[in-house]
>>> print(open('data.txt').read())   # compact mmCIF, C-alpha atoms
# COMPACT_ATOMS: atom_id res chain seq x y z
CA MET A 200 15.28 12.31 -5.95
CA ARG A 201 17.07 14.62 -8.40
CA PHE A 202 14.58 17.37 -9.30
CA CYS A 203 12.19 19.62 -7.36
CA ASN A 204 8.62 18.52 -7.98
CA ASN A 205 7.42 22.08 -7.37
CA CYS A 206 9.62 23.97 -9.90
CA GLY A 207 11.67 21.35 -11.80
CA HIS A 208 15.07 22.71 -10.68
CA GLU A 209 17.76 20.26 -9.50
CA VAL A 210 17.73 19.56 -5.76
CA VAL A 211 20.70 19.34 -3.39
CA LEU A 212 21.13 17.31 -0.22
CA ALA A 213 21.52 19.76 2.69
CA ILE A 214 20.57 20.22 6.33
CA PRO A 215 17.93 22.97 6.44
CA PRO A 216 18.25 25.70 9.14
CA GLY A 217 16.86 24.43 12.45
CA ASP A 218 16.91 20.82 11.25
CA ASN A 219 19.44 18.08 12.03
CA LEU A 220 19.06 15.68 9.10
CA PRO A 221 19.98 16.14 5.42
CA ARG A 222 16.94 16.72 3.17
CA PHE A 223 16.52 17.21 -0.55
CA VAL A 224 16.27 20.99 -0.82
CA CYS A 225 15.49 23.15 -3.85
CA GLU A 226 17.76 26.18 -3.92
CA SER A 227 15.57 27.77 -6.60
CA CYS A 228 12.10 27.80 -4.97
CA GLY A 229 13.11 26.86 -1.40
CA THR A 230 10.98 23.70 -1.15
CA ILE A 231 12.23 21.14 1.38
CA HIS A 232 11.35 17.60 0.26
CA TYR A 233 10.76 15.55 3.40
CA GLN A 234 10.69 11.77 3.00
CA ASN A 235 8.85 9.72 5.61
CA PRO A 236 7.95 6.10 6.34
CA ARG A 237 4.89 4.57 4.72
CA VAL A 238 2.14 2.68 6.49
CA VAL A 239 1.06 -0.80 5.33
CA VAL A 240 -2.32 -1.80 6.79
CA GLY A 241 -3.65 -5.36 6.87
CA CYS A 242 -6.55 -7.40 8.18
CA LEU A 243 -6.81 -10.79 9.88
CA ALA A 244 -10.44 -11.75 9.23
CA GLU A 245 -12.09 -14.80 10.82
CA TRP A 246 -15.06 -16.80 9.65
CA GLN A 247 -16.32 -19.62 11.90
CA GLY A 248 -12.87 -19.91 13.49
CA ARG A 249 -11.00 -20.05 10.20
CA ILE A 250 -8.65 -17.29 8.99
CA LEU A 251 -8.69 -15.62 5.58
CA LEU A 252 -5.35 -15.81 3.75
CA CYS A 253 -4.32 -14.82 0.22
CA ARG A 254 -1.61 -16.32 -1.99
CA ARG A 255 0.29 -13.48 -3.62
CA ALA A 256 0.11 -13.06 -7.40
CA ILE A 257 2.75 -10.32 -7.45
CA GLU A 258 6.29 -9.70 -6.25
CA PRO A 259 7.69 -9.45 -3.67
CA ARG A 260 7.07 -13.00 -2.39
CA LYS A 261 4.87 -14.11 -5.28
CA GLY A 262 3.29 -17.49 -4.52
CA PHE A 263 3.56 -17.05 -0.73
CA TRP A 264 0.65 -16.61 1.66
CA THR A 265 -0.28 -13.31 3.31
CA LEU A 266 -3.03 -11.46 5.08
CA PRO A 267 -4.77 -8.91 2.84
CA ALA A 268 -2.61 -5.79 3.30
CA GLY A 269 -1.23 -2.84 1.39
CA PHE A 270 -0.16 0.79 1.45
CA MET A 271 -2.47 3.22 3.20
CA GLU A 272 -3.81 5.95 0.87
CA ASN A 273 -4.07 9.67 1.55
CA GLY A 274 -7.43 10.72 3.02
CA GLU A 275 -8.40 7.38 4.55
CA THR A 276 -8.30 5.99 8.08
CA THR A 277 -6.31 2.89 9.01
CA GLU A 278 -9.58 0.93 9.40
CA GLN A 279 -10.76 2.06 5.96
CA ALA A 280 -7.41 0.93 4.51
CA ALA A 281 -7.80 -2.51 6.14
CA LEU A 282 -11.34 -2.92 4.76
CA ARG A 283 -10.26 -1.71 1.29
CA GLU A 284 -7.32 -4.11 1.10
CA THR A 285 -9.54 -7.00 2.21
CA ALA A 286 -12.01 -6.10 -0.55
CA GLU A 287 -9.29 -5.63 -3.20
CA GLU A 288 -7.10 -8.66 -2.47
CA ALA A 289 -9.66 -11.17 -1.19
CA MET A 290 -12.95 -9.73 -2.54
CA ALA A 291 -14.27 -10.08 1.01
CA GLU A 292 -16.11 -7.81 3.43
CA ALA A 293 -14.63 -7.53 6.93
CA GLU A 294 -16.23 -5.90 9.96
CA GLY A 295 -15.72 -5.41 13.70
CA LEU A 296 -12.09 -4.33 13.33
CA GLU A 297 -9.84 -4.04 16.39
CA PRO A 298 -6.11 -3.23 16.38
CA LEU A 299 -3.97 -6.40 16.61
CA ALA A 300 -0.32 -5.68 15.89
CA LEU A 301 2.22 -3.07 14.81
CA VAL A 302 5.51 -4.15 13.25
CA ASN A 303 8.27 -1.61 12.60
CA VAL A 304 10.18 -2.32 9.38
CA PRO A 305 12.91 0.35 9.53
CA HIS A 306 15.15 -1.15 6.83
CA VAL A 307 12.50 -0.24 4.25
CA SER A 308 11.01 2.70 6.21
CA GLN A 309 7.62 1.09 6.72
CA VAL A 310 5.20 0.55 9.59
CA HIS A 311 2.93 -2.49 9.28
CA LEU A 312 -0.36 -2.19 11.19
CA MET A 313 -2.62 -5.24 11.39
CA PHE A 314 -6.26 -5.32 12.47
CA ARG A 315 -8.35 -8.33 13.47
CA GLY A 316 -12.01 -8.70 12.52
CA ARG A 317 -14.56 -11.08 11.05
CA LEU A 318 -16.03 -11.65 7.62
CA ARG A 319 -19.56 -10.39 7.12
CA ASP A 320 -20.80 -13.43 5.16
CA GLY A 321 -17.85 -15.80 4.64
CA ARG A 322 -17.48 -14.98 0.97
CA HIS A 323 -14.02 -14.51 -0.54
CA ALA A 324 -12.32 -14.82 -3.93
CA PRO A 325 -8.93 -13.83 -5.36
CA GLY A 326 -8.58 -10.19 -6.39
CA ALA A 327 -6.13 -9.01 -9.06
CA GLU A 328 -3.10 -9.29 -6.72
CA SER A 329 -3.96 -12.79 -5.40
CA LEU A 330 -3.57 -16.22 -7.01
CA GLU A 331 -6.04 -17.78 -4.57
CA THR A 332 -7.77 -17.07 -1.27
CA ALA A 333 -8.63 -19.54 1.48
CA LEU A 334 -10.27 -19.79 4.90
CA LEU A 335 -7.87 -21.91 6.93
CA ASP A 336 -8.06 -23.68 10.28
CA GLU A 337 -5.08 -23.08 12.57
CA GLN A 338 -3.57 -26.52 11.80
CA ASP A 339 -3.69 -25.81 8.06
CA ILE A 340 -1.79 -22.50 8.09
CA PRO A 341 1.25 -22.89 5.78
CA TRP A 342 3.85 -21.50 8.21
CA SER A 343 6.81 -22.18 5.94
CA ASP A 344 5.13 -20.34 3.08
CA ILE A 345 4.10 -17.12 4.84
CA ALA A 346 5.19 -14.10 2.80
CA PHE A 347 6.42 -11.69 5.50
CA PRO A 348 7.59 -11.77 9.14
CA SER A 349 5.00 -9.13 10.03
CA VAL A 350 2.20 -11.41 8.79
CA ARG A 351 3.65 -14.35 10.75
CA PHE A 352 3.88 -12.15 13.89
CA ALA A 353 0.23 -11.05 13.59
CA LEU A 354 -0.99 -14.63 13.03
CA LYS A 355 1.02 -16.04 15.98
CA ARG A 356 -0.10 -13.34 18.45
CA PHE A 357 -3.73 -13.65 17.29
CA LEU A 358 -3.75 -17.45 17.77
CA GLU A 359 -2.13 -17.15 21.21
CA ASP A 360 -4.63 -14.50 22.30
CA ARG A 361 -7.56 -16.53 20.95
CA ARG A 362 -6.46 -19.55 23.00
CA LYS A 363 -6.24 -17.34 26.10
CA GLY A 364 -9.58 -15.69 25.33
CA ALA A 365 -8.02 -12.23 25.83
CA PHE A 366 -6.88 -10.06 22.95
CA GLY A 367 -4.11 -7.48 23.19
CA PHE A 368 -2.22 -5.11 20.91
CA HIS A 369 1.28 -6.36 20.08
CA ILE A 370 4.33 -4.49 18.84
CA SER A 371 7.56 -5.76 17.32
CA THR A 372 10.38 -4.79 14.99
CA TRP A 373 11.39 -6.70 11.86
CA ASP A 374 14.90 -5.42 11.88
CA LYS A 375 16.79 -7.58 9.42
CA PRO A 376 16.40 -7.62 5.65
CA LEU A 377 14.59 -10.75 4.55
CA LYS A 378 16.87 -13.32 2.94
CA HIS A 379 15.20 -15.25 0.13
CA MET B 982 3.35 18.30 -7.52
CA ARG B 983 4.16 19.64 -11.00
CA PHE B 984 7.48 18.04 -12.01
CA CYS B 985 8.98 14.54 -11.91
CA ASN B 986 11.64 14.36 -9.20
CA ASN B 987 13.44 11.64 -11.15
CA CYS B 988 13.83 13.37 -14.56
CA GLY B 989 12.47 16.92 -14.17
CA HIS B 990 9.73 16.48 -16.83
CA GLU B 991 6.20 17.80 -16.10
CA VAL B 992 3.89 15.22 -14.50
CA VAL B 993 0.25 14.52 -15.34
CA LEU B 994 -2.54 13.23 -13.11
CA ALA B 995 -3.63 9.82 -14.45
CA ILE B 996 -4.79 6.40 -13.26
CA PRO B 997 -1.92 3.96 -13.93
CA PRO B 998 -2.73 0.55 -15.49
CA GLY B 999 -3.96 -1.85 -12.79
CA ASP B 1000 -4.56 0.98 -10.33
CA ASN B 1001 -7.84 2.68 -9.39
CA LEU B 1002 -6.73 6.08 -8.12
CA PRO B 1003 -5.23 9.04 -9.98
CA ARG B 1004 -1.48 9.46 -9.36
CA PHE B 1005 1.08 11.97 -10.54
CA VAL B 1006 2.71 10.12 -13.44
CA CYS B 1007 5.74 11.09 -15.53
CA GLU B 1008 5.10 10.35 -19.20
CA SER B 1009 8.79 10.86 -19.96
CA CYS B 1010 10.52 8.39 -17.59
CA GLY B 1011 7.45 6.42 -16.43
CA THR B 1012 7.82 7.14 -12.70
CA ILE B 1013 4.58 6.94 -10.70
CA HIS B 1014 4.68 9.35 -7.73
CA TYR B 1015 2.66 7.77 -4.94
CA GLN B 1016 1.65 10.01 -2.04
CA ASN B 1017 0.89 8.41 1.29
CA PRO B 1018 -0.10 9.42 4.83
CA ARG B 1019 2.60 10.43 7.29
CA VAL B 1020 3.02 9.10 10.82
CA VAL B 1021 3.30 11.44 13.80
CA VAL B 1022 4.68 9.67 16.88
CA GLY B 1023 4.42 11.00 20.43
CA CYS B 1024 5.17 10.03 24.02
CA LEU B 1025 3.27 10.39 27.27
CA ALA B 1026 6.02 10.13 29.88
CA GLU B 1027 5.33 9.90 33.62
CA TRP B 1028 7.53 10.84 36.55
CA GLN B 1029 6.25 10.12 40.06
CA GLY B 1030 2.66 10.23 38.79
CA ARG B 1031 3.07 13.52 36.94
CA ILE B 1032 2.91 13.84 33.15
CA LEU B 1033 5.42 15.62 30.92
CA LEU B 1034 3.87 18.29 28.70
CA CYS B 1035 5.41 20.89 26.37
CA ARG B 1036 4.08 24.32 25.42
CA ARG B 1037 4.54 24.78 21.68
CA ALA B 1038 6.96 27.45 20.43
CA ILE B 1039 5.92 26.96 16.78
CA GLU B 1040 2.80 26.92 14.64
CA PRO B 1041 0.38 25.25 14.38
CA ARG B 1042 -1.07 25.88 17.85
CA LYS B 1043 1.82 27.98 19.16
CA GLY B 1044 1.42 28.58 22.90
CA PHE B 1045 -0.76 25.50 23.43
CA TRP B 1046 0.24 22.39 25.38
CA THR B 1047 1.14 19.08 23.77
CA LEU B 1048 2.87 15.78 24.36
CA PRO B 1049 6.31 15.61 22.73
CA ALA B 1050 5.50 14.38 19.20
CA GLY B 1051 6.54 14.79 15.60
CA PHE B 1052 6.94 13.24 12.18
CA MET B 1053 8.55 9.81 12.07
CA GLU B 1054 11.79 9.73 10.04
CA ASN B 1055 12.89 7.15 7.46
CA GLY B 1056 14.95 4.32 8.93
CA GLU B 1057 13.68 4.53 12.51
CA THR B 1058 11.14 2.54 14.51
CA THR B 1059 8.06 4.09 16.08
CA GLU B 1060 9.64 3.71 19.54
CA GLN B 1061 12.85 5.41 18.37
CA ALA B 1062 10.75 8.26 16.97
CA ALA B 1063 8.94 8.65 20.32
CA LEU B 1064 12.24 8.75 22.25
CA ARG B 1065 13.80 11.18 19.75
CA GLU B 1066 10.85 13.59 19.93
CA THR B 1067 10.92 13.46 23.73
CA ALA B 1068 14.62 14.31 23.64
CA GLU B 1069 14.21 17.07 21.02
CA GLU B 1070 11.12 18.83 22.37
CA ALA B 1071 11.48 18.26 26.12
CA MET B 1072 15.20 17.42 26.48
CA ALA B 1073 14.11 14.38 28.45
CA GLU B 1074 14.91 10.68 28.39
CA ALA B 1075 11.92 8.31 28.30
CA GLU B 1076 11.99 4.52 28.75
CA GLY B 1077 9.68 1.53 29.10
CA LEU B 1078 7.52 2.51 26.13
CA GLU B 1079 4.22 0.75 25.50
CA PRO B 1080 1.69 1.62 22.77
CA LEU B 1081 -1.14 3.82 24.11
CA ALA B 1082 -3.24 5.27 21.29
CA LEU B 1083 -3.66 5.62 17.55
CA VAL B 1084 -5.63 8.52 16.10
CA ASN B 1085 -6.47 8.65 12.41
CA VAL B 1086 -6.36 12.19 10.99
CA PRO B 1087 -7.59 11.61 7.42
CA HIS B 1088 -8.29 15.27 6.59
CA VAL B 1089 -4.54 15.90 6.66
CA SER B 1090 -3.48 12.33 5.73
CA GLN B 1091 -1.78 11.62 9.03
CA VAL B 1092 -1.75 8.83 11.61
CA HIS B 1093 -0.90 9.88 15.18
CA LEU B 1094 0.61 7.11 17.30
CA MET B 1095 1.16 7.76 21.01
CA PHE B 1096 3.27 5.71 23.41
CA ARG B 1097 3.24 5.79 27.20
CA GLY B 1098 6.42 5.44 29.28
CA ARG B 1099 8.33 6.97 32.16
CA LEU B 1100 11.18 9.43 32.50
CA ARG B 1101 14.55 7.94 33.36
CA ASP B 1102 15.53 10.65 35.88
CA GLY B 1103 12.78 13.29 35.94
CA ARG B 1104 14.86 15.86 34.08
CA HIS B 1105 13.26 17.99 31.35
CA ALA B 1106 13.76 21.38 29.70
CA PRO B 1107 12.35 23.14 26.64
CA GLY B 1108 13.92 22.16 23.32
CA ALA B 1109 13.97 24.47 20.29
CA GLU B 1110 10.29 23.86 19.46
CA SER B 1111 8.99 24.35 23.04
CA LEU B 1112 8.41 27.52 25.06
CA GLU B 1113 8.38 25.58 28.33
CA THR B 1114 8.05 22.04 29.65
CA ALA B 1115 6.34 20.88 32.82
CA LEU B 1116 5.56 17.78 34.88
CA LEU B 1117 1.89 18.11 35.76
CA ASP B 1118 -0.44 16.35 38.14
CA GLU B 1119 -3.77 15.28 36.64
CA GLN B 1120 -5.66 18.19 38.26
CA ASP B 1121 -3.23 20.71 36.76
CA ILE B 1122 -3.54 19.61 33.12
CA PRO B 1123 -4.67 22.68 31.10
CA TRP B 1124 -7.52 20.94 29.23
CA SER B 1125 -8.71 24.09 27.47
CA ASP B 1126 -5.20 24.77 26.16
CA ILE B 1127 -4.32 21.36 24.72
CA ALA B 1128 -2.95 21.75 21.19
CA PHE B 1129 -4.56 18.82 19.35
CA PRO B 1130 -7.52 16.43 19.76
CA SER B 1131 -5.15 13.45 19.40
CA VAL B 1132 -3.13 14.66 22.41
CA ARG B 1133 -6.33 15.16 24.43
CA PHE B 1134 -7.51 11.63 23.45
CA ALA B 1135 -4.21 10.04 24.54
CA LEU B 1136 -4.20 11.92 27.86
CA LYS B 1137 -7.85 11.04 28.66
CA ARG B 1138 -7.46 7.33 27.86
CA PHE B 1139 -4.20 7.14 29.82
CA LEU B 1140 -5.74 8.74 32.93
CA GLU B 1141 -8.80 6.45 32.75
CA ASP B 1142 -6.61 3.37 32.37
CA ARG B 1143 -4.36 4.47 35.22
CA ARG B 1144 -7.37 4.83 37.53
CA LYS B 1145 -8.50 1.31 36.53
CA GLY B 1146 -4.98 -0.08 36.90
CA ALA B 1147 -5.25 -1.74 33.47
CA PHE B 1148 -3.77 -0.24 30.34
CA GLY B 1149 -5.09 -0.82 26.83
CA PHE B 1150 -4.43 0.39 23.30
CA HIS B 1151 -7.02 2.89 22.08
CA ILE B 1152 -8.01 3.94 18.58
CA SER B 1153 -10.01 6.89 17.35
CA THR B 1154 -10.50 9.18 14.37
CA TRP B 1155 -10.17 12.97 14.44
CA ASP B 1156 -12.40 13.49 11.44
CA LYS B 1157 -13.16 17.19 11.42
CA PRO B 1158 -10.78 20.02 10.60
CA LEU B 1159 -9.88 21.92 13.76
CA LYS B 1160 -11.56 25.35 13.96
CA HIS B 1161 -9.38 28.00 15.55
>>> encode(input="data.txt", output="structure tokens")
Amino acid sequence: MRFCNNCGHEVVLAIPPGDNLPRFVCESCGTIHYQNPRVVVGCLAEWQGRILLCRRAIEPRKGFWTLPAGFMENGETTEQAALRETAEEAMAEAEGLEPLALVNVPHVSQVHLMFRGRLRDGRHAPGAESLETALLDEQDIPWSDIAFPSVRFALKRFLEDRRKGAFGFHISTWDKPLKH
Amino acid sequence: MRFCNNCGHEVVLAIPPGDNLPRFVCESCGTIHYQNPRVVVGCLAEWQGRILLCRRAIEPRKGFWTLPAGFMENGETTEQAALRETAEEAMAEAEGLEPLALVNVPHVSQVHLMFRGRLRDGRHAPGAESLETALLDEQDIPWSDIAFPSVRFALKRFLEDRRKGAFGFHISTWDKPLKH
């Protein structure tokens, strides 16, 4: 950040009065530009015991498999974000959402929140950001080709809980940059 | 937002190629300025069965009671944010955090995430943003003077779960602007 988006003046990095962290501050109009983590919301949707996965058509991790997920938008709820991403990336309708997992990703200032649910009618097809979509049995999940640790964490905890017949909410931190 | 914070040029509101929502776009340097919800993280900390609450010294809801909570910062985890807010607002050390509640607040593009935990040594004192802090038994909680619906939701679910002896993770949406 170099310029104030309120008045166009150059910003400086300074600790505002009463604060304890440096912020981009505009000395012309006084605006303090806070920067905060972003929320990525995803959905693990089941249909007749199989799980909906998407193969990514875009970077990062193009060609790898993921749950439908993406950045939460202003004005929506986390559940609405999960349903929207499922519609956009897998052209599928999910329902019955329950919270499944939260993964902190501090090295990129993100929080990944995953829901579990079911497909309304089993239909799915690749959206613009997916090369293909598939409903996969547990034994067919391509573990070595999963796009992100947070997706792997959500899948593993879901499968464990399903075997136990008792679902929980799971939290973890992906604290190392991905090497690939 | 009126100016590009990368180059200082005026921005326009336009739907970028491949997108479906209007964004502030800089036609000079090409930067797309995404705006996303912010995460507020809080902590319900117990000490010998009593719950730590803070009376707010700042607006909004100055003079009302809250759990220690505030905006998550870049580079930290949700648990670190909960511990930091507990230290800043109640000068207290919490530990043993477990996720308690998530409240969507779409009308202000926020997600409130509350943890439960316990105080390390029972010590607390008002930080700069608190008028006073207190450890309160359930029957002394000032329900009519709670600052925010998300704080009330977290407190209610926690007390119910504690009576049952089984804690869960609870999700809700605060979907109407607060009238006060």
>>> interface_residues(input="data.txt", of="chain B", to="chain A", cutoff="9 Å", atoms="all atoms listed in the file", output="ChimeraX atom specification")
/B:982-992,999,1015-1020,1052-1060,1079-1080,1084-1092,1109,1149-1152,1154
>>> atom_distance(input="data.txt", atom1="CA of Gln1061 in chain B", atom2="CA of Gln1029 in chain B")
23.2 Å
>>> atom_distance(input="data.txt", atom1="CA of Ala1050 in chain B", atom2="CA of His1105 in chain B")
14.9 Å
>>> closest_residue(input="data.txt", among="B:Leu1136, B:Leu1048, B:Leu1034, B:Leu994", to="His1014 in chain B", atoms="all atoms listed in the file")
B:Leu994
>>> closest_residue(input="data.txt", among="A:Asp344, A:Asp218, A:Glu337, A:Glu226", to="Gly248 in chain A", atoms="all atoms listed in the file")
A:Glu337
>>> atom_distance(input="data.txt", atom1="CA of Ala353 in chain A", atom2="CA of Phe1139 in chain B")
24.8 Å
>>> residues_around(input="data.txt", residues="Ser329 in chain A", least_positions_apart="2", cutoff="9 Å", atoms="only C-alpha atoms", output="list in words")
Cys253, Arg254, Arg255, Ala256, Ile257, Lys261, Gly262, Glu288, Ala289, Ala324, Pro325, Gly326, Ala327, Glu331 and Thr332 of chain A
>>> residues_around(input="data.txt", residues="Arg1104 in chain B", least_positions_apart="6", cutoff="8 Å", atoms="only C-alpha atoms", output="NGL selection string")
:B and (1072-1074)
>>> closest_residue(input="data.txt", among="B:Phe1005, B:Phe1096, B:Phe1045, B:Phe1148", to="Ala1128 in chain B", atoms="only C-alpha atoms")
B:Phe1045
>>> residues_around(input="data.txt", residues="Leu318 in chain A", least_positions_apart="2", cutoff="8 Å", atoms="all atoms listed in the file", output="list in words")
Ala244, Glu245, Trp246, Ala291, Glu292, Ala293, Glu294, Gly316, Asp320, Gly321 and Arg322 of chain A
>>> residues_around(input="data.txt", residues="Asp336 in chain A", least_positions_apart="2", cutoff="9 Å", atoms="all atoms listed in the file", output="list in words")
Gly248, Arg249, Ile250, Leu334, Gln338, Asp339 and Ile340 of chain A
>>> closest_residue(input="data.txt", among="A:Ala365, A:Ala333, A:Leu243, A:Val224", to="Leu296 in chain A", atoms="only C-alpha atoms")
A:Leu243
>>> closest_residue(input="data.txt", among="A:Leu358, A:Val211, A:Ile345, A:Met313", to="Arg260 in chain A", atoms="only C-alpha atoms")
A:Ile345
>>> build_atoms(input="data.txt", residues="range 993-1014 of chain B", atoms="N, CA, C and O atoms", output="mmCIF file, in the coordinates of the input")
data_model
loop_
_atom_site.group_PDB
_atom_site.id
_atom_site.type_symbol
_atom_site.label_atom_id
_atom_site.label_comp_id
_atom_site.auth_asym_id
_atom_site.auth_seq_id
_atom_site.Cartn_x
_atom_site.Cartn_y
_atom_site.Cartn_z
ATOM 1 N N VAL B 993 1.687 14.419 -15.107
ATOM 2 C CA VAL B 993 0.250 14.520 -15.340
ATOM 3 C C VAL B 993 -0.467 13.677 -14.285
ATOM 4 O O VAL B 993 0.116 12.743 -13.724
ATOM 5 N N LEU B 994 -1.741 14.008 -14.040
ATOM 6 C CA LEU B 994 -2.540 13.230 -13.110
ATOM 7 C C LEU B 994 -3.289 12.178 -13.921
ATOM 8 O O LEU B 994 -4.074 12.511 -14.811
ATOM 9 N N ALA B 995 -3.011 10.884 -13.651
ATOM 10 C CA ALA B 995 -3.630 9.820 -14.450
ATOM 11 C C ALA B 995 -3.720 8.550 -13.616
ATOM 12 O O ALA B 995 -2.945 8.358 -12.671
ATOM 13 N N ILE B 996 -4.663 7.690 -13.949
ATOM 14 C CA ILE B 996 -4.790 6.400 -13.260
ATOM 15 C C ILE B 996 -3.892 5.389 -13.955
ATOM 16 O O ILE B 996 -4.126 5.046 -15.113
ATOM 17 N N PRO B 997 -2.828 4.926 -13.273
ATOM 18 C CA PRO B 997 -1.920 3.960 -13.930
ATOM 19 C C PRO B 997 -2.638 2.637 -14.209
ATOM 20 O O PRO B 997 -3.620 2.307 -13.533
ATOM 21 N N PRO B 998 -2.147 1.865 -15.189
ATOM 22 C CA PRO B 998 -2.730 0.550 -15.490
ATOM 23 C C PRO B 998 -2.740 -0.334 -14.241
ATOM 24 O O PRO B 998 -1.739 -0.404 -13.522
ATOM 25 N N GLY B 999 -3.864 -0.975 -13.953
ATOM 26 C CA GLY B 999 -3.960 -1.850 -12.790
ATOM 27 C C GLY B 999 -4.240 -1.132 -11.492
ATOM 28 O O GLY B 999 -4.395 -1.761 -10.448
ATOM 29 N N ASP B 1000 -4.287 0.187 -11.537
ATOM 30 C CA ASP B 1000 -4.560 0.980 -10.330
ATOM 31 C C ASP B 1000 -6.015 1.463 -10.406
ATOM 32 O O ASP B 1000 -6.719 1.251 -11.396
ATOM 33 N N ASN B 1001 -6.495 2.111 -9.338
ATOM 34 C CA ASN B 1001 -7.840 2.680 -9.390
ATOM 35 C C ASN B 1001 -7.932 4.089 -8.817
ATOM 36 O O ASN B 1001 -9.014 4.612 -8.608
ATOM 37 N N LEU B 1002 -6.763 4.699 -8.587
ATOM 38 C CA LEU B 1002 -6.730 6.080 -8.120
ATOM 39 C C LEU B 1002 -5.805 6.891 -9.003
ATOM 40 O O LEU B 1002 -4.802 6.369 -9.502
ATOM 41 N N PRO B 1003 -6.144 8.187 -9.208
ATOM 42 C CA PRO B 1003 -5.230 9.040 -9.980
ATOM 43 C C PRO B 1003 -3.930 9.272 -9.215
ATOM 44 O O PRO B 1003 -3.941 9.477 -7.999
ATOM 45 N N ARG B 1004 -2.818 9.196 -9.935
ATOM 46 C CA ARG B 1004 -1.480 9.460 -9.360
ATOM 47 C C ARG B 1004 -0.784 10.474 -10.254
ATOM 48 O O ARG B 1004 -1.098 10.583 -11.445
ATOM 49 N N PHE B 1005 0.226 11.143 -9.697
ATOM 50 C CA PHE B 1005 1.080 11.970 -10.540
ATOM 51 C C PHE B 1005 2.036 11.036 -11.279
ATOM 52 O O PHE B 1005 2.824 10.313 -10.657
ATOM 53 N N VAL B 1006 1.952 11.037 -12.612
ATOM 54 C CA VAL B 1006 2.710 10.120 -13.440
ATOM 55 C C VAL B 1006 3.596 10.919 -14.388
ATOM 56 O O VAL B 1006 3.167 11.936 -14.936
ATOM 57 N N CYS B 1007 4.849 10.456 -14.566
ATOM 58 C CA CYS B 1007 5.740 11.090 -15.530
ATOM 59 C C CYS B 1007 5.671 10.328 -16.837
ATOM 60 O O CYS B 1007 6.001 9.143 -16.889
ATOM 61 N N GLU B 1008 5.236 11.018 -17.898
ATOM 62 C CA GLU B 1008 5.100 10.350 -19.200
ATOM 63 C C GLU B 1008 6.448 10.272 -19.908
ATOM 64 O O GLU B 1008 6.569 9.618 -20.935
ATOM 65 N N SER B 1009 7.470 10.915 -19.344
ATOM 66 C CA SER B 1009 8.790 10.860 -19.960
ATOM 67 C C SER B 1009 9.577 9.646 -19.451
ATOM 68 O O SER B 1009 10.034 8.819 -20.240
ATOM 69 N N CYS B 1010 9.713 9.504 -18.117
ATOM 70 C CA CYS B 1010 10.520 8.390 -17.590
ATOM 71 C C CYS B 1010 9.657 7.272 -16.989
ATOM 72 O O CYS B 1010 10.176 6.217 -16.606
ATOM 73 N N GLY B 1011 8.337 7.487 -16.895
ATOM 74 C CA GLY B 1011 7.450 6.420 -16.430
ATOM 75 C C GLY B 1011 7.280 6.327 -14.922
ATOM 76 O O GLY B 1011 6.516 5.486 -14.429
ATOM 77 N N THR B 1012 7.947 7.201 -14.161
ATOM 78 C CA THR B 1012 7.820 7.140 -12.700
ATOM 79 C C THR B 1012 6.402 7.469 -12.246
ATOM 80 O O THR B 1012 5.800 8.432 -12.731
ATOM 81 N N ILE B 1013 5.872 6.649 -11.338
ATOM 82 C CA ILE B 1013 4.580 6.940 -10.700
ATOM 83 C C ILE B 1013 4.889 7.508 -9.312
ATOM 84 O O ILE B 1013 5.588 6.869 -8.526
ATOM 85 N N HIS B 1014 4.386 8.684 -9.020
ATOM 86 C CA HIS B 1014 4.680 9.350 -7.730
ATOM 87 C C HIS B 1014 3.537 9.112 -6.756
ATOM 88 O O HIS B 1014 2.558 9.857 -6.744
#
